[in-house]
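Below: the structure, in structure tokens.
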Amino acid sequence: MLVGYLGAGLAAKAAAPRIGLGTLFAAALLLDILLWLFVILHVEGAVVPPDFDTRHMLAFAFPWSHSLAAALIWSVLAALVWTWSGGEGKYFAFAPAVVALTVFSHWILDFLVHPAELPLWPGAPSVGMDIGQPAALILDFAVAAVGFALFAWRVPMSAARRTAVGGIVLLTAILAYVNGTSSESQDILNLAAISLLAMFVIVTVGAITDRAPT
């Protein structure tokens with residue numbers, strides 16, 4: 001799952017247009033941002049499993065970013081931090097809930113595509129539906145497509161800005177396809193750094209596009 005997270009952020013933008021798109025992209029990607037930071041800090045881990053050539057998925061040990069309990073805590077904290085920072089939530093009551101649900105949508109999507117490696121809480125049994133490829137890739141693209149359709153329908157935006165958002169979604173979809181079909185493994189720390197950089201670019205482009213004049 002990769003571009004599907006952006007689809008969740010776009011759907012959230014359609015539900016709450018006053019919340020910045022950069023904020024919602026960051027919320028949708030938050031668990032992975034934490035994961036790769038924790039990997040670099042050796043708090044969590046990722047390895048290339050023996051079946052990588054066929055499954056095209058890494059194996060993770062990520063109780064502090066991706067357990068159910070952690071996802072709920074990060075969701076609430078994201079909403080609180082956003083509200084305390086003076087976000088748009090002061091203008092409509094359900095905005096913090098949108099931020100929290102956008103963060104938690106990441107765990108739901110991961111639950112569908114990951115094997116049973118998502119702990120309920122650190123040290124607890126793990127869950128995951130493991131729908132496998134190509135179903136995971138199809139779901140990834142479907143969530144992104146639905147999210148972008150809702151965004152285009154509900155959010156007033158110039159054609160140029162909408163095209164910019166569509167461009168970042170398309171590029172992320174291409175990256176998702178490459179990741180979902182490639183059998184070539186990478187050094188984990190390099191992958192962590194590249195992933196963090198890519199997510200920074202996505203969030204930044206979302207924020208800039210959202211603030212550009214209509």
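For the structure tokens, the naming scheme is as follows: chains receive sequential letters (A, B, ...) according to their order of presentation, residues are indexed from 1 within each chain, and ligands are indexed from 1 in presentation order.
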Report as JSON lines: every residue of segment 93-209 of chain A with an atom at most 6 Å from segment 18-31 of chain A, its closest pair of atoms, and their distance in Å to one decimal, counting only C-alpha atoms, with rows sorted by chain and ascending residue number.
{"residue": "A:Thr102", "atom": "CA", "partner": "A:Ala28", "partner_atom": "CA", "distance": 5.3}
{"residue": "A:Val103", "atom": "CA", "partner": "A:Ala27", "partner_atom": "CA", "distance": 4.8}
{"residue": "A:His106", "atom": "CA", "partner": "A:Ala28", "partner_atom": "CA", "distance": 6.0}
{"residue": "A:Val203", "atom": "CA", "partner": "A:Gly22", "partner_atom": "CA", "distance": 4.8}
{"residue": "A:Gly206", "atom": "CA", "partner": "A:Gly22", "partner_atom": "CA", "distance": 4.5}
{"residue": "A:Ala207", "atom": "CA", "partner": "A:Gly22", "partner_atom": "CA", "distance": 3.9}
Skip segment 143-157 of chain A itself and residues of its chain fewer than 3 positions away, then list as a VMD selection string all residues within 6 Å of it, counting only C-alpha atoms.
chain A and resid 3 to 4 7 to 8 10 to 11 14 140
As a PDB file with all heavy atoms, in the first residue's frame, please: every residue in segment 115-206 of chain A that a backbone DSSP assignment puts in strand (DSSP E or B).
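Okay, this is what ended up in states.pdb:
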ATOM      1  N   LEU A 118       0.882  -7.071  12.214  1.00  0.00           N
ATOM      2  CA  LEU A 118       0.455  -5.839  12.891  1.00  0.00           C
ATOM      3  C   LEU A 118       0.000  -6.202  14.297  1.00  0.00           C
ATOM      4  O   LEU A 118      -1.096  -6.733  14.482  1.00  0.00           O
ATOM      5  CB  LEU A 118      -0.696  -5.176  12.132  1.00  0.00           C
ATOM      6  CG  LEU A 118      -0.416  -4.718  10.704  1.00  0.00           C
ATOM      7  CD1 LEU A 118      -1.711  -4.523   9.953  1.00  0.00           C
ATOM      8  CD2 LEU A 118       0.401  -3.443  10.703  1.00  0.00           C
ATOM      9  N   PRO A 119       0.820  -5.920  15.325  1.00  0.00           N
ATOM     10  CA  PRO A 119       0.415  -6.290  16.696  1.00  0.00           C
ATOM     11  C   PRO A 119      -0.803  -5.497  17.143  1.00  0.00           C
ATOM     12  O   PRO A 119      -1.008  -4.357  16.734  1.00  0.00           O
ATOM     13  CB  PRO A 119       1.647  -5.923  17.536  1.00  0.00           C
ATOM     14  CG  PRO A 119       2.757  -5.695  16.564  1.00  0.00           C
ATOM     15  CD  PRO A 119       2.127  -5.256  15.286  1.00  0.00           C
ATOM     16  N   SER A 126      -0.437 -10.660  16.631  1.00  0.00           N
ATOM     17  CA  SER A 126      -0.472  -9.800  15.456  1.00  0.00           C
ATOM     18  C   SER A 126      -1.592 -10.210  14.514  1.00  0.00           C
ATOM     19  O   SER A 126      -2.028 -11.370  14.495  1.00  0.00           O
ATOM     20  CB  SER A 126       0.872  -9.866  14.718  1.00  0.00           C
ATOM     21  OG  SER A 126       1.919  -9.381  15.537  1.00  0.00           O
ATOM     22  N   VAL A 127      -2.046  -9.248  13.724  1.00  0.00           N
ATOM     23  CA  VAL A 127      -3.149  -9.477  12.791  1.00  0.00           C
ATOM     24  C   VAL A 127      -2.768  -8.941  11.415  1.00  0.00           C
ATOM     25  O   VAL A 127      -1.796  -8.205  11.254  1.00  0.00           O
ATOM     26  CB  VAL A 127      -4.450  -8.807  13.282  1.00  0.00           C
ATOM     27  CG1 VAL A 127      -4.914  -9.434  14.579  1.00  0.00           C
ATOM     28  CG2 VAL A 127      -4.255  -7.297  13.449  1.00  0.00           C
TER      29      VAL A 127
END
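Residues within 10 Å of segment 40-53 of chain A, counting only C-alpha atoms and excluding same-chain residues fewer than 4 positions away, are Leu34, Leu35, Trp36, Met57, Leu58, Ala59, Phe60, Ala61, Phe62, Pro63, Trp64, Ser65, Thr181, Ser182, Ser183, Glu184, Ser185, Gln186, Asp187, Ile188, Leu189, Asn190, Leu191, Ala192 and Ala193 of chain A.
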